[in-house]
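Asker: Sharing a structure with you now.
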Amino acid sequence: MTKYIFAFLLCMSIAIQSYGWGFYAHQRINRLAVFGLPPEMIVFYKHYILYLTENAVNPDKRRYAVDGEAPRHYIDMDVYGDSALYKLPHHWKEAVAKYTEDTLQTYGIVPWHINFMKYQLTEAFKQKDVNRILRISADLGHYIGDAHVPLHTTENYNGQLTGQHGIHGLWESRLPELFAANYDFFSGTATYLTDTQETAWQSVAGSHMALDSVLRFEKELTKQFAEDKKYSFEQRGNITVRVYSQAFSKAYHRMLAGQVERRMKASIKMVSDFWYTAWVDAGQPDLVELTKFDFTEQEKQKLEEEKQQWEKRHVPSRPHESGLFQLPSTGITSCEHIHIIGDEGIPSILMSVRRRKNTFSESNALFE
Ligand SMILES: [Zn+2]
């Protein structure tokens with residue numbers, strides 16, 4: 001069996017997607033958001049900056065273990081037709097009354113969930129519950145980040161409806177990984193938000209407006225690149241992986257004219273603003289005294305369980321978000337390398353390969 005898996009790894013072309021911003025970008029967003037906070041808050045948040053950074057991707061890990069987690073990361077605006085931004089009630093209860101909760105859950109609930117998390121964070125501050133403050137702050141940063149990704153506002157989330165498979169990982173993982181080191185993330189200090197629900201919708205609106213360029217530029221550029229120039233191979237650990245080439249990524253990044261940087265920067269600012277607003281609404285509790293907190297054994301165990309659940313991945317989600325893979329639009333079904341777009345790392349590839357058994361006949365042949 002092992003040798004078949006190995007053969008499979010070598011012979012299949014795989015596109016592995018990440019979800020929301022890639023792990024790298026989510027972690028950067030949560031980390032940098034700390035520096036926008038006022039002095040009364042920064043003492044506390046800096047003290048736990050490692051936690052906030054490392055756990056910026058928890059919601060993505062949970063989506064494999066928790067029913068109902070997946071829709072919190074996106075909203076398919078296009079299924080509601082033109083002017084969805086105006087048609088969709090911005091407040092949850094009204095939206096449920098108009099469309100039913102089932103419908104909303106089917107097409108994603110990210111803007112409402114952000115606001116829900118904000119209220120939870122305010123409550124955690126009121127109770128001075130450090131454990132909850134940290135968990136919710138990290139999660140909230142994640143959902144706000146996701147709301148800033150244009151491909152999280154469409155049913156065509158991975159270009160699967162337009163022959164652009166893989167674009168999700170290209171925009172949100174490949175580009176930040178290649179170019180974010182040169183971004184200017186300074187966005188000033190946090191400001192109080194008078195209407196957090198409306199602010200959450202503004203982030204979705206900004207993302208949805210950027211969607212047209214995201215898809216169109218990739219399509220235009222693809223016409224200018226031969227297949228072997230659009231993709232290249234890179235070493236990840238012991239495995240050679242197929243990625244969008246540096247040249248293609250660079251050209252696409254240039255066409256987008258700072259779009260990825262702007263969306264990432266806006267995410268950072270909004271995360272600071274939400275953390276700050278929740279704290280103000282809770283009556284500005286003294287956070288200095290909370291820096292002596294250490295996680296209980298129970299909490300540490302919970303974090304560990306969450307990690308393990310992620311590795312098992314028993315809750316199915318959308319294909320591009322499951323860490324499973326789709327053959328790229330090129331239709332390549334056999335080659336000498338693994339095609340990875342995203343940043344999940346080798347263990348995920350191995351797991352995904354095992355789960356792929358029922359997905360494609362080519363892989364069945366190898367496994368049986
Ligand atoms: Zn996500």
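Chain identifiers are assigned as A, B, and so on, following the order in which chains appear in the structure tokens; residues are numbered from 1 within each chain, and ligands are numbered from 1 in order of appearance.
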Could you pull out the residues sitting within 8 Å of ligand 1, using only C-alpha atoms and all ligand atoms, and write them as an MDAnalysis selection string?

Answerer: chainID A and resid 19:21 57 59:60 70 72:74 142:143 145:146

Asker: So, counting only C-alpha atoms, which residue among A:Ile268, A:Met209, A:Ala97, A:Leu50 is closest to Phe186 in chain A?

Answerer: A:Ile268

Asker: What gap, in Å, lies between CA of Tyr107 in chain A and CA of Gln164 in chain A?

Answerer: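 Answer for the CA of Tyr107 in chain A to CA of Gln164 in chain A separation: 20.9 Å.
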
Asker: Residues of range 125-174 of chain A within 8 Å of range 76-79 of chain A: nearest atom pair and distance (Å, one decimal) for each, counting only C-alpha atoms, sorted by chain and number, as a Markdown table?

Answerer:
| residue | atom | partner | partner_atom | distance |
| --- | --- | --- | --- | --- |
| A:His152 | CA | A:Asp76 | CA | 7.1 |
| A:Thr153 | CA | A:Asp76 | CA | 4.8 |
| A:Thr154 | CA | A:Asp76 | CA | 4.2 |
| A:Glu155 | CA | A:Asp76 | CA | 5.2 |

Asker: For the selection just defined, write its residues with C-alpha atoms to a file, as a short mmCIF file (atom, residue, chain, number, x, y, z; two decimals), in the first residue's frame.

Answerer:
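What ended up in selection-v4.cif:
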data_model
loop_
_atom_site.label_atom_id
_atom_site.label_comp_id
_atom_site.auth_asym_id
_atom_site.auth_seq_id
_atom_site.Cartn_x
_atom_site.Cartn_y
_atom_site.Cartn_z
CA HIS A 152 -15.07 34.39 -0.29
CA THR A 153 -18.01 36.34 -1.65
CA THR A 154 -18.87 34.15 -4.62
CA GLU A 155 -20.11 30.73 -5.56
#

Asker: List every residue of range 14-146 of chain A that DSSP, applied to the backbone, labels as helix (DSSP H, G or I), and write the result as number ranges by chain.

Answerer: A: 23-36, 39-47, 49-62, 70-73, 77-80, 84-87, 92-99, 101-107, 110-126, 130-146

Asker: Quick one: of A:Leu290, A:Val96, A:Ala205, A:Ile29, who's nearest to Pro176 in chain A, counting only C-alpha atoms?

Answerer: A:Ile29

Asker: Would you mind writing down, as an mmCIF file with N, CA and C atoms, in the first residue's frame, each residue of range 26-243 of chain A that DSSP on the backbone assigns to strand (DSSP E or B)?

Answerer:
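The resulting out17.cif:
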data_model
loop_
_atom_site.group_PDB
_atom_site.id
_atom_site.type_symbol
_atom_site.label_atom_id
_atom_site.label_comp_id
_atom_site.auth_asym_id
_atom_site.auth_seq_id
_atom_site.Cartn_x
_atom_site.Cartn_y
_atom_site.Cartn_z
ATOM 1 N N TYR A 231 2.882 27.474 -14.777
ATOM 2 C CA TYR A 231 3.175 26.690 -13.581
ATOM 3 C C TYR A 231 4.653 26.346 -13.532
ATOM 4 N N SER A 232 5.138 26.109 -12.330
ATOM 5 C CA SER A 232 6.513 25.633 -12.196
ATOM 6 C C SER A 232 6.562 24.664 -11.027
ATOM 7 N N PHE A 233 7.735 24.200 -10.698
ATOM 8 C CA PHE A 233 7.877 23.217 -9.622
ATOM 9 C C PHE A 233 8.788 23.755 -8.536
ATOM 10 N N GLU A 234 8.374 23.502 -7.310
ATOM 11 C CA GLU A 234 9.206 23.929 -6.180
ATOM 12 C C GLU A 234 9.332 22.790 -5.194
ATOM 13 N N GLN A 235 10.400 22.854 -4.427
ATOM 14 C CA GLN A 235 10.657 21.823 -3.434
ATOM 15 C C GLN A 235 9.968 22.189 -2.121
ATOM 16 N N ARG A 236 9.141 21.305 -1.585
ATOM 17 C CA ARG A 236 8.555 21.494 -0.240
ATOM 18 C C ARG A 236 8.929 20.277 0.584
ATOM 19 N N ILE A 239 9.372 16.785 -1.138
ATOM 20 C CA ILE A 239 8.491 16.587 -2.290
ATOM 21 C C ILE A 239 8.545 17.772 -3.242
ATOM 22 N N THR A 240 8.529 17.453 -4.503
ATOM 23 C CA THR A 240 8.461 18.498 -5.503
ATOM 24 C C THR A 240 6.997 18.839 -5.742
ATOM 25 N N VAL A 241 6.679 20.098 -5.691
ATOM 26 C CA VAL A 241 5.281 20.476 -5.835
ATOM 27 C C VAL A 241 5.091 21.393 -7.038
ATOM 28 N N ARG A 242 3.918 21.317 -7.587
ATOM 29 C CA ARG A 242 3.603 22.146 -8.741
ATOM 30 C C ARG A 242 2.876 23.389 -8.261
ATOM 31 N N VAL A 243 3.380 24.546 -8.632
ATOM 32 C CA VAL A 243 2.807 25.808 -8.150
ATOM 33 C C VAL A 243 2.631 26.765 -9.329
#

Asker: With a distance cut-off of 12 Å and only C-alpha atoms, select the neighbouring residues of Leu287 in chain A, excluding the residue or stretch itself and same-chain residues fewer than 2 positions from it, and output the selection as a ChimeraX atom specification.

Answerer: /A:38-48,124-130,133-134,279-280,282-285,289-293

Asker: Pick from A:Ala200, A:Ala190, A:Met255, A:Ala65: nearest to His113 in chain A, with only C-alpha atoms counted?

Answerer: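 The shortest atom-to-atom distance to His113 in chain A comes from A:Ala200.
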